[in-house]
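Next comes input24.csv, with CSV, C-alpha atoms.
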```csv
chain,number,residue,atom,x,y,z
R,1,MET,CA,-24.4,-9.0,22.1
R,2,ASP,CA,-21.0,-8.3,23.4
R,3,ILE,CA,-18.3,-6.0,22.1
R,4,LYS,CA,-15.7,-8.5,23.3
R,5,GLN,CA,-16.9,-10.7,20.5
R,6,ASN,CA,-15.3,-10.3,17.1
R,7,TYR,CA,-17.3,-8.8,14.3
R,8,PHE,CA,-18.3,-12.2,12.9
R,9,GLU,CA,-19.5,-13.4,16.3
R,10,PHE,CA,-21.2,-10.1,16.9
R,11,TYR,CA,-23.2,-10.5,13.7
R,12,GLY,CA,-23.8,-14.2,14.3
R,13,LEU,CA,-22.1,-15.0,11.0
R,14,PRO,CA,-19.6,-17.8,10.2
R,15,GLU,CA,-16.0,-16.5,10.4
R,16,ALA,CA,-15.0,-16.9,6.8
R,17,TYR,CA,-13.9,-14.8,3.9
R,18,ASP,CA,-17.0,-15.8,1.8
R,19,LEU,CA,-19.9,-13.9,3.3
R,20,ASP,CA,-23.5,-13.6,2.2
R,21,LEU,CA,-23.8,-9.8,1.9
R,22,GLY,CA,-27.6,-10.0,1.9
R,23,GLN,CA,-27.5,-11.8,5.2
R,24,LEU,CA,-25.0,-9.3,6.6
R,25,ALA,CA,-27.3,-6.4,5.6
R,26,ASP,CA,-30.3,-8.2,7.2
R,27,ARG,CA,-28.5,-8.9,10.4
R,28,HIS,CA,-27.3,-5.3,10.5
R,29,LEU,CA,-30.9,-4.0,10.3
R,30,GLU,CA,-32.0,-6.3,13.0
R,31,LEU,CA,-29.2,-5.3,15.4
R,32,GLN,CA,-29.7,-1.7,14.6
R,33,LYS,CA,-33.3,-2.0,15.6
R,34,GLN,CA,-32.3,-3.8,18.9
R,35,LEU,CA,-29.9,-1.0,19.6
R,36,HIS,CA,-32.1,1.9,18.6
R,37,PRO,CA,-31.6,4.8,21.1
R,38,ASP,CA,-35.4,5.2,21.6
R,39,ARG,CA,-35.5,1.8,23.2
R,40,PHE,CA,-32.9,3.0,25.7
R,41,ALA,CA,-34.5,6.4,26.4
R,42,HIS,CA,-36.0,5.4,29.7
R,43,LEU,CA,-32.8,3.7,30.9
R,44,SER,CA,-29.9,5.1,32.9
R,45,ASP,CA,-27.0,7.1,31.6
R,46,GLN,CA,-24.7,4.2,31.9
R,47,GLU,CA,-27.0,1.9,29.9
R,48,ARG,CA,-27.4,4.6,27.2
R,49,ARG,CA,-23.7,5.0,27.0
R,50,LEU,CA,-23.4,1.3,26.5
R,51,SER,CA,-25.9,1.4,23.8
R,52,ALA,CA,-24.0,4.1,22.0
R,53,GLN,CA,-20.8,2.0,22.3
R,54,TYR,CA,-22.6,-1.0,20.8
R,55,THR,CA,-23.9,1.1,17.9
R,56,ALA,CA,-20.4,2.4,17.2
R,57,TYR,CA,-19.1,-1.2,17.3
R,58,LEU,CA,-21.9,-2.4,15.0
R,59,ASN,CA,-21.2,0.3,12.4
R,60,GLU,CA,-17.5,-0.4,12.4
R,61,GLY,CA,-18.2,-4.1,12.1
R,62,TYR,CA,-20.6,-3.5,9.2
R,63,ALA,CA,-18.1,-1.3,7.3
R,64,THR,CA,-15.3,-3.9,7.9
R,65,LEU,CA,-17.3,-7.0,6.9
R,66,ARG,CA,-18.9,-5.4,3.9
R,67,SER,CA,-15.6,-4.4,2.2
R,68,PRO,CA,-13.7,-7.3,0.6
R,69,LEU,CA,-10.3,-5.6,1.5
R,70,LEU,CA,-11.2,-4.7,5.1
R,71,ARG,CA,-12.7,-8.1,5.7
R,72,ALA,CA,-9.5,-9.8,4.5
R,73,GLN,CA,-7.4,-7.5,6.7
R,74,TYR,CA,-9.6,-8.2,9.6
R,75,LEU,CA,-9.5,-12.0,9.2
R,76,LEU,CA,-5.7,-11.8,9.1
R,77,LYS,CA,-5.6,-9.5,12.1
R,78,GLN,CA,-7.6,-12.2,14.0
R,79,ARG,CA,-4.7,-14.5,13.1
R,80,GLY,CA,-2.1,-12.1,14.4
R,81,ILE,CA,-1.0,-10.3,11.2
R,82,ASP,CA,-1.6,-6.6,10.8
R,83,THR,CA,-0.9,-5.8,7.1
R,84,HIS,CA,-2.5,-2.4,7.4
R,85,ASN,CA,0.0,-0.9,9.8
R,86,GLU,CA,3.2,-2.7,9.0
R,87,SER,CA,6.0,-0.4,7.8
R,88,SER,CA,7.8,-2.8,5.5
R,89,ALA,CA,7.3,-6.2,4.0
R,90,SER,CA,9.0,-7.8,1.0
R,91,ILE,CA,6.8,-7.7,-2.1
R,92,ASP,CA,7.1,-9.9,-5.1
R,93,PRO,CA,9.3,-7.8,-7.5
R,94,MET,CA,7.3,-8.9,-10.6
R,95,PHE,CA,4.1,-7.6,-8.9
R,96,LEU,CA,5.8,-4.3,-8.1
R,97,MET,CA,6.9,-4.0,-11.7
R,98,GLN,CA,3.4,-4.5,-12.9
R,99,GLN,CA,2.2,-1.9,-10.4
R,100,MET,CA,4.7,0.6,-11.6
R,101,GLU,CA,3.6,0.0,-15.2
R,102,LEU,CA,-0.1,0.4,-14.3
R,103,ARG,CA,0.7,3.5,-12.3
R,104,GLU,CA,2.5,5.0,-15.3
R,105,ARG,CA,-0.4,4.2,-17.6
R,106,VAL,CA,-2.9,5.7,-15.1
R,107,GLU,CA,-0.7,8.9,-14.8
R,108,GLU,CA,-0.6,9.2,-18.6
R,109,ALA,CA,-4.3,8.4,-19.1
R,110,PRO,CA,-5.5,12.0,-19.1
R,111,SER,CA,-3.3,12.8,-22.2
R,112,HIS,CA,-4.3,9.6,-23.9
R,113,ALA,CA,-6.2,9.9,-27.3
R,114,ASP,CA,-9.2,8.4,-25.6
R,115,PRO,CA,-8.9,8.9,-21.9
R,116,ASP,CA,-12.3,7.3,-21.1
R,117,SER,CA,-11.6,4.0,-22.7
R,118,GLU,CA,-8.0,3.9,-21.4
R,119,LEU,CA,-9.3,4.5,-17.8
R,120,ALA,CA,-12.0,1.9,-18.3
R,121,ALA,CA,-9.5,-0.6,-19.6
R,122,LEU,CA,-7.2,0.1,-16.6
R,123,ASP,CA,-10.1,-0.3,-14.2
R,124,GLN,CA,-10.9,-3.6,-15.7
R,125,GLU,CA,-7.4,-4.8,-15.3
R,126,VAL,CA,-7.3,-3.7,-11.7
R,127,VAL,CA,-10.7,-5.4,-11.0
R,128,ALA,CA,-9.4,-8.7,-12.6
R,129,ALA,CA,-6.1,-8.5,-10.6
R,130,MET,CA,-8.1,-7.8,-7.4
R,131,SER,CA,-10.4,-10.9,-7.9
R,132,GLU,CA,-7.2,-13.0,-8.5
R,133,GLN,CA,-5.8,-11.9,-5.2
R,134,GLN,CA,-9.2,-12.4,-3.4
R,135,ALA,CA,-9.2,-16.0,-4.8
R,136,ALA,CA,-5.7,-16.5,-3.5
R,137,PHE,CA,-6.6,-15.2,-0.1
R,138,ARG,CA,-9.7,-17.3,0.1
R,139,ARG,CA,-7.7,-20.5,-0.6
R,140,ALA,CA,-4.9,-19.6,1.8
R,141,ILE,CA,-6.9,-18.2,4.8
R,142,GLY,CA,-8.8,-21.6,5.1
R,143,GLY,CA,-5.5,-23.3,5.8
R,144,THR,CA,-3.8,-23.7,9.2
R,145,SER,CA,-0.1,-23.8,8.3
R,146,GLU,CA,2.4,-20.9,8.6
R,147,ALA,CA,3.0,-21.0,4.9
R,148,GLU,CA,-0.7,-20.6,4.1
R,149,LEU,CA,-1.0,-17.8,6.6
R,150,GLU,CA,1.9,-16.0,4.9
R,151,ALA,CA,0.4,-16.6,1.5
R,152,ALA,CA,-2.9,-15.0,2.8
R,153,ALA,CA,-0.9,-12.0,4.1
R,154,ALA,CA,0.9,-11.6,0.7
R,155,ALA,CA,-2.4,-11.6,-1.1
R,156,VAL,CA,-3.8,-8.9,1.2
R,157,ARG,CA,-0.7,-6.7,0.7
R,158,LYS,CA,-1.2,-6.9,-3.0
R,159,MET,CA,-4.9,-6.0,-2.6
R,160,GLN,CA,-3.7,-2.9,-0.7
R,161,PHE,CA,-1.7,-1.8,-3.7
R,162,LEU,CA,-4.5,-2.5,-6.1
R,163,ASP,CA,-7.0,-0.6,-3.9
R,164,LYS,CA,-4.7,2.4,-4.0
R,165,LEU,CA,-4.6,2.1,-7.8
R,166,SER,CA,-8.3,1.8,-8.1
R,167,ARG,CA,-8.9,4.9,-6.0
R,168,GLU,CA,-6.4,6.8,-8.2
R,169,ILE,CA,-8.3,5.7,-11.3
R,170,GLU,CA,-11.6,6.8,-9.7
R,171,ARG,CA,-10.0,10.2,-8.8
R,172,LEU,CA,-9.0,10.7,-12.5
R,173,GLU,CA,-12.4,9.7,-13.7
R,174,ASP,CA,-14.0,12.2,-11.4
R,175,GLU,CA,-11.6,14.9,-12.8
R,176,LEU,CA,-12.5,14.1,-16.4
R,177,TYR,CA,-16.2,14.7,-15.9
X,1,MET,CA,0.5,18.0,8.9
X,2,ALA,CA,3.0,20.5,7.4
X,3,TYR,CA,5.8,19.3,5.1
X,4,SER,CA,9.2,20.7,5.7
X,5,GLU,CA,10.7,23.2,3.2
X,6,GLN,CA,13.2,20.5,2.1
X,7,VAL,CA,10.4,18.1,1.3
X,8,ILE,CA,8.4,20.7,-0.6
X,9,ASP,CA,11.5,21.7,-2.5
X,10,HIS,CA,12.1,18.1,-3.7
X,11,TYR,CA,8.4,17.5,-4.2
X,12,GLU,CA,8.0,20.6,-6.4
X,13,ASN,CA,11.3,20.2,-8.2
X,14,PRO,CA,12.1,16.5,-8.1
X,15,ARG,CA,15.6,15.7,-9.2
X,16,ASN,CA,16.4,12.9,-11.6
X,17,VAL,CA,12.9,11.7,-12.4
X,18,GLY,CA,13.1,9.2,-15.2
X,19,LYS,CA,13.8,5.7,-16.4
X,20,MET,CA,16.9,3.9,-17.6
X,21,ASP,CA,17.1,0.7,-19.6
X,22,ALA,CA,16.7,-2.0,-17.0
X,23,GLY,CA,18.2,-4.5,-19.5
X,24,ASP,CA,21.5,-2.6,-19.6
X,25,ALA,CA,24.2,-4.5,-17.7
X,26,THR,CA,25.6,-1.3,-16.2
X,27,VAL,CA,22.2,-0.3,-14.8
X,28,GLY,CA,20.9,-1.6,-11.5
X,29,THR,CA,17.1,-1.3,-10.8
X,30,GLY,CA,15.6,-1.3,-7.3
X,31,MET,CA,11.8,-1.7,-7.1
X,32,VAL,CA,10.2,-1.4,-3.7
X,33,GLY,CA,6.7,-0.8,-2.3
X,34,ALA,CA,5.0,0.0,0.9
X,35,PRO,CA,1.8,-2.1,1.1
X,36,ALA,CA,0.3,-0.1,4.0
X,37,CYS,CA,0.0,3.1,1.8
X,38,GLY,CA,0.3,1.5,-1.6
X,39,ASP,CA,3.4,3.6,-2.5
X,40,VAL,CA,5.7,2.2,-5.2
X,41,MET,CA,9.2,3.4,-5.9
X,42,ARG,CA,11.7,2.6,-8.7
X,43,LEU,CA,15.3,3.7,-8.2
X,44,GLN,CA,17.9,3.1,-10.9
X,45,ILE,CA,21.7,3.6,-10.9
X,46,LYS,CA,24.2,3.6,-13.8
X,47,VAL,CA,27.6,2.4,-12.7
X,48,GLY,CA,30.9,3.3,-14.4
X,49,GLU,CA,33.8,0.9,-15.0
X,50,ASN,CA,35.5,2.2,-11.8
X,51,GLY,CA,32.5,1.2,-9.7
X,52,VAL,CA,31.3,4.7,-9.2
X,53,ILE,CA,27.7,5.6,-9.7
X,54,GLU,CA,27.5,7.9,-12.7
X,55,ASP,CA,23.9,8.6,-12.8
X,56,ALA,CA,20.7,7.9,-10.9
X,57,LYS,CA,17.0,8.1,-11.8
X,58,PHE,CA,13.8,7.5,-9.9
X,59,LYS,CA,10.1,7.3,-10.2
X,60,THR,CA,7.8,7.3,-7.2
X,61,TYR,CA,4.1,7.0,-6.9
X,62,GLY,CA,3.4,8.1,-3.3
X,63,CYS,CA,3.2,10.9,-0.9
X,64,GLY,CA,5.4,14.0,-0.9
X,65,SER,CA,7.8,12.5,1.7
X,66,ALA,CA,8.3,9.3,-0.4
X,67,ILE,CA,9.0,11.4,-3.5
X,68,ALA,CA,11.4,13.7,-1.6
X,69,SER,CA,13.2,10.7,0.0
X,70,SER,CA,13.9,9.1,-3.4
X,71,SER,CA,14.7,12.3,-5.1
X,72,LEU,CA,17.3,13.1,-2.4
X,73,VAL,CA,18.9,9.7,-2.6
X,74,THR,CA,19.4,10.0,-6.4
X,75,GLU,CA,21.2,13.3,-5.8
X,76,TRP,CA,23.4,11.9,-3.0
X,77,VAL,CA,24.5,8.7,-4.7
X,78,LYS,CA,25.8,10.2,-7.9
X,79,GLY,CA,29.6,10.1,-7.6
X,80,MET,CA,29.6,7.6,-4.8
X,81,THR,CA,31.1,4.1,-4.9
X,82,LEU,CA,28.6,1.2,-4.6
X,83,ASP,CA,29.9,0.6,-1.1
X,84,GLN,CA,29.4,4.2,0.0
X,85,ALA,CA,25.9,4.1,-1.5
X,86,ALA,CA,25.1,0.8,0.3
X,87,ASP,CA,26.0,2.5,3.6
X,88,LEU,CA,23.4,5.2,3.3
X,89,LYS,CA,21.0,5.1,6.2
X,90,ASN,CA,17.4,6.1,6.3
X,91,THR,CA,18.1,8.2,9.3
X,92,GLN,CA,20.4,10.5,7.2
X,93,ILE,CA,17.5,10.9,4.7
X,94,ALA,CA,15.0,11.6,7.5
X,95,ASP,CA,17.3,14.1,9.1
X,96,GLU,CA,18.0,16.0,5.9
X,97,LEU,CA,14.3,16.2,5.0
X,98,ALA,CA,13.2,16.8,8.6
X,99,LEU,CA,10.6,14.0,8.3
X,100,PRO,CA,8.1,13.6,11.2
X,101,PRO,CA,7.9,10.2,12.9
X,102,VAL,CA,4.8,9.1,10.9
X,103,LYS,CA,6.8,9.6,7.6
X,104,ILE,CA,10.0,7.8,8.6
X,105,HIS,CA,8.8,4.8,6.7
X,106,CYS,CA,9.2,6.8,3.5
X,107,SER,CA,13.0,7.2,4.1
X,108,VAL,CA,13.2,3.5,4.9
X,109,LEU,CA,11.6,2.8,1.5
X,110,ALA,CA,14.2,5.0,-0.2
X,111,GLU,CA,17.0,3.2,1.6
X,112,ASP,CA,15.5,-0.2,0.6
X,113,ALA,CA,15.3,1.1,-3.0
X,114,ILE,CA,19.0,2.0,-3.3
X,115,LYS,CA,20.1,-1.2,-1.6
X,116,ALA,CA,17.9,-3.2,-4.1
X,117,ALA,CA,19.3,-1.3,-7.0
X,118,ILE,CA,22.9,-2.1,-5.9
X,119,GLU,CA,22.0,-5.7,-5.4
X,120,ASP,CA,20.5,-5.9,-8.8
X,121,TYR,CA,23.6,-4.4,-10.4
X,122,ARG,CA,25.9,-6.7,-8.5
X,123,LYS,CA,23.8,-9.7,-9.5
X,124,LYS,CA,24.0,-8.7,-13.2
X,125,GLN,CA,27.8,-8.3,-12.9
X,126,GLY,CA,28.1,-11.7,-11.3
X,127,GLN,CA,29.6,-10.2,-8.2
```

Would you mind writing the structure in this file as structure tokens?
Amino acid sequence: MDIKQNYFEFYGLPEAYDLDLGQLADRHLELQKQLHPDRFAHLSDQERRLSAQYTAYLNEGYATLRSPLLRAQYLLKQRGIDTHNESSASIDPMFLMQQMELRERVEEAPSHADPDSELAALDQEVVAAMSEQQAAFRRAIGGTSEAELEAAAAAVRKMQFLDKLSREIERLEDELY
Amino acid sequence: MAYSEQVIDHYENPRNVGKMDAGDATVGTGMVGAPACGDVMRLQIKVGENGVIEDAKFKTYGCGSAIASSSLVTEWVKGMTLDQAADLKNTQIADELALPPVKIHCSVLAEDAIKAAIEDYRKKQGQ
């Protein structure tokens, strides 16, 4: 184990968007056991600090690899593109138009005749749009050209909007019940 | 983080929230988004025959600073010529609203939105 390794290497998993989540969970348990503080109790302060660092890295890695959005962001970052912290990027205007319409529908959902079904319908749309972008990302990130990398980044940016939308839907669903 | 009084004022009483007919040839629509935070902003202008902006509307889904930035821009551009409006800088918006550094990107978004609206109008007019 080495925290200079990227998360995929750290977990001993192939660096790809498609990931066996069961295998990830198994590896996580194994590594957790290896890093358990009890096993380091008799060691020096320095070694115990190191173990705490490894555990933090392990947990960050798990959270990142488990989430389809964070995993995509991470793979892009490995290729030099940070879509999470960039301040501006041009987004397909048609996509923005759809986002605006969906946001308006979400905003109006509580006053809809049947808010539950409206929110459920919106949620389904967002889930479908998210899978579409994930598929686009999966195709593009496998490539090596500049254009493919840019297509992968465009897909992740769209996922970031959809993620915001889905959290907004969840928030409203929580408020309704 | 505390919002400035100016931001709170625009956030609580946003000016010119609404929608114009995007198909109208005298209306320019700017649609922009900030992927990092998922904010989306629509800013529209209605331009008179003399090339002066008669009316402006916006709708923003985002944080208080993004709402305030777009609200302020709709207030400012009314009565301006297209060239004057195209000259608006995000720093003017950020100064007026006393935006902290982490929220500067909200004023950039509003500047991008008015520029996109002007571009859309000019394209429609074949300019």

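The shortest atom-to-atom distance to chain X, with only C-alpha atoms taken into account, belongs to R:Leu96 out of R:Ser117, R:Arg139, R:Ser111, R:Leu96.
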
Is there a way to get, as an mmCIF file with C-alpha atoms, in the coordinates of the input, all residues within 9 Å of the point (8.1, 7.9, -9.9) in file coordinates, counting all atoms listed in the file?
```cif
data_model
loop_
_atom_site.group_PDB
_atom_site.id
_atom_site.type_symbol
_atom_site.label_atom_id
_atom_site.label_comp_id
_atom_site.auth_asym_id
_atom_site.auth_seq_id
_atom_site.Cartn_x
_atom_site.Cartn_y
_atom_site.Cartn_z
ATOM 1 C CA MET R 100 4.700 0.600 -11.600
ATOM 2 C CA ARG R 103 0.700 3.500 -12.300
ATOM 3 C CA GLU R 104 2.500 5.000 -15.300
ATOM 4 C CA VAL X 17 12.900 11.700 -12.400
ATOM 5 C CA GLY X 18 13.100 9.200 -15.200
ATOM 6 C CA LYS X 19 13.800 5.700 -16.400
ATOM 7 C CA VAL X 40 5.700 2.200 -5.200
ATOM 8 C CA MET X 41 9.200 3.400 -5.900
ATOM 9 C CA ARG X 42 11.700 2.600 -8.700
ATOM 10 C CA LEU X 43 15.300 3.700 -8.200
ATOM 11 C CA PHE X 58 13.800 7.500 -9.900
ATOM 12 C CA LYS X 59 10.100 7.300 -10.200
ATOM 13 C CA THR X 60 7.800 7.300 -7.200
ATOM 14 C CA TYR X 61 4.100 7.000 -6.900
ATOM 15 C CA GLY X 62 3.400 8.100 -3.300
ATOM 16 C CA ILE X 67 9.000 11.400 -3.500
ATOM 17 C CA SER X 70 13.900 9.100 -3.400
#
```

May I have the protein, DNA and RNA residues with any atom at most 9 Å from the point (6.1, 15.4, -1.4), counting all atoms listed in the file, written as a PyMOL selection string? chain X and resi 3+7-12+62-69

Please check the contacts: residues of chain X at most 7 Å away from chain R, using all atoms listed in the file, listed as an mmCIF file with C-alpha atoms, in the coordinates of the input.
```
data_model
loop_
_atom_site.group_PDB
_atom_site.id
_atom_site.type_symbol
_atom_site.label_atom_id
_atom_site.label_comp_id
_atom_site.auth_asym_id
_atom_site.auth_seq_id
_atom_site.Cartn_x
_atom_site.Cartn_y
_atom_site.Cartn_z
ATOM 1 C CA MET X 31 11.800 -1.700 -7.100
ATOM 2 C CA VAL X 32 10.200 -1.400 -3.700
ATOM 3 C CA GLY X 33 6.700 -0.800 -2.300
ATOM 4 C CA ALA X 34 5.000 0.000 0.900
ATOM 5 C CA PRO X 35 1.800 -2.100 1.100
ATOM 6 C CA ALA X 36 0.300 -0.100 4.000
ATOM 7 C CA GLY X 38 0.300 1.500 -1.600
ATOM 8 C CA VAL X 40 5.700 2.200 -5.200
ATOM 9 C CA HIS X 105 8.800 4.800 6.700
#
```

Would you compute the distance between CA of Glu146 in chain R and CA of Leu76 in chain R? Give it in Å to one decimal.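 Interatomic distance, CA of Glu146 in chain R to CA of Leu76 in chain R: 12.2 Å.
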
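Picture a line from CA of Leu75 in chain R to CA of Leu122 in chain R; it runs 28.6 Å.
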
Residue with smallest distance to Arg27 in chain R - pool R:Pro68, R:Glu118, R:Tyr11, R:Gln73, counting all atoms listed in the file: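 Nearest candidate to Arg27 in chain R out of R:Pro68, R:Glu118, R:Tyr11, R:Gln73: R:Tyr11.
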
To one decimal place, how far is CA of Ala151 in chain R from CA of Ala129 in chain R in Å?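 Answer for the CA of Ala151 in chain R to CA of Ala129 in chain R separation: 15.9 Å.
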
Using all atoms listed in the file, the best pick from X:Val47, X:Met80, X:Ala85, X:Ala94 as closest to Ala113 in chain X would be X:Ala85

Residue neighbourhood Asp55 in chain X, 8 Å, all atoms listed in the file, exclusion window fewer than 3 positions, as an mmCIF file with C-alpha atoms, in the coordinates of the input:
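In the end it all went to out.cif:
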```
data_model
loop_
_atom_site.group_PDB
_atom_site.id
_atom_site.type_symbol
_atom_site.label_atom_id
_atom_site.label_comp_id
_atom_site.auth_asym_id
_atom_site.auth_seq_id
_atom_site.Cartn_x
_atom_site.Cartn_y
_atom_site.Cartn_z
ATOM 1 C CA ILE X 45 21.700 3.600 -10.900
ATOM 2 C CA LYS X 46 24.200 3.600 -13.800
ATOM 3 C CA VAL X 47 27.600 2.400 -12.700
ATOM 4 C CA THR X 74 19.400 10.000 -6.400
ATOM 5 C CA LYS X 78 25.800 10.200 -7.900
ATOM 6 C CA GLY X 79 29.600 10.100 -7.600
#
```
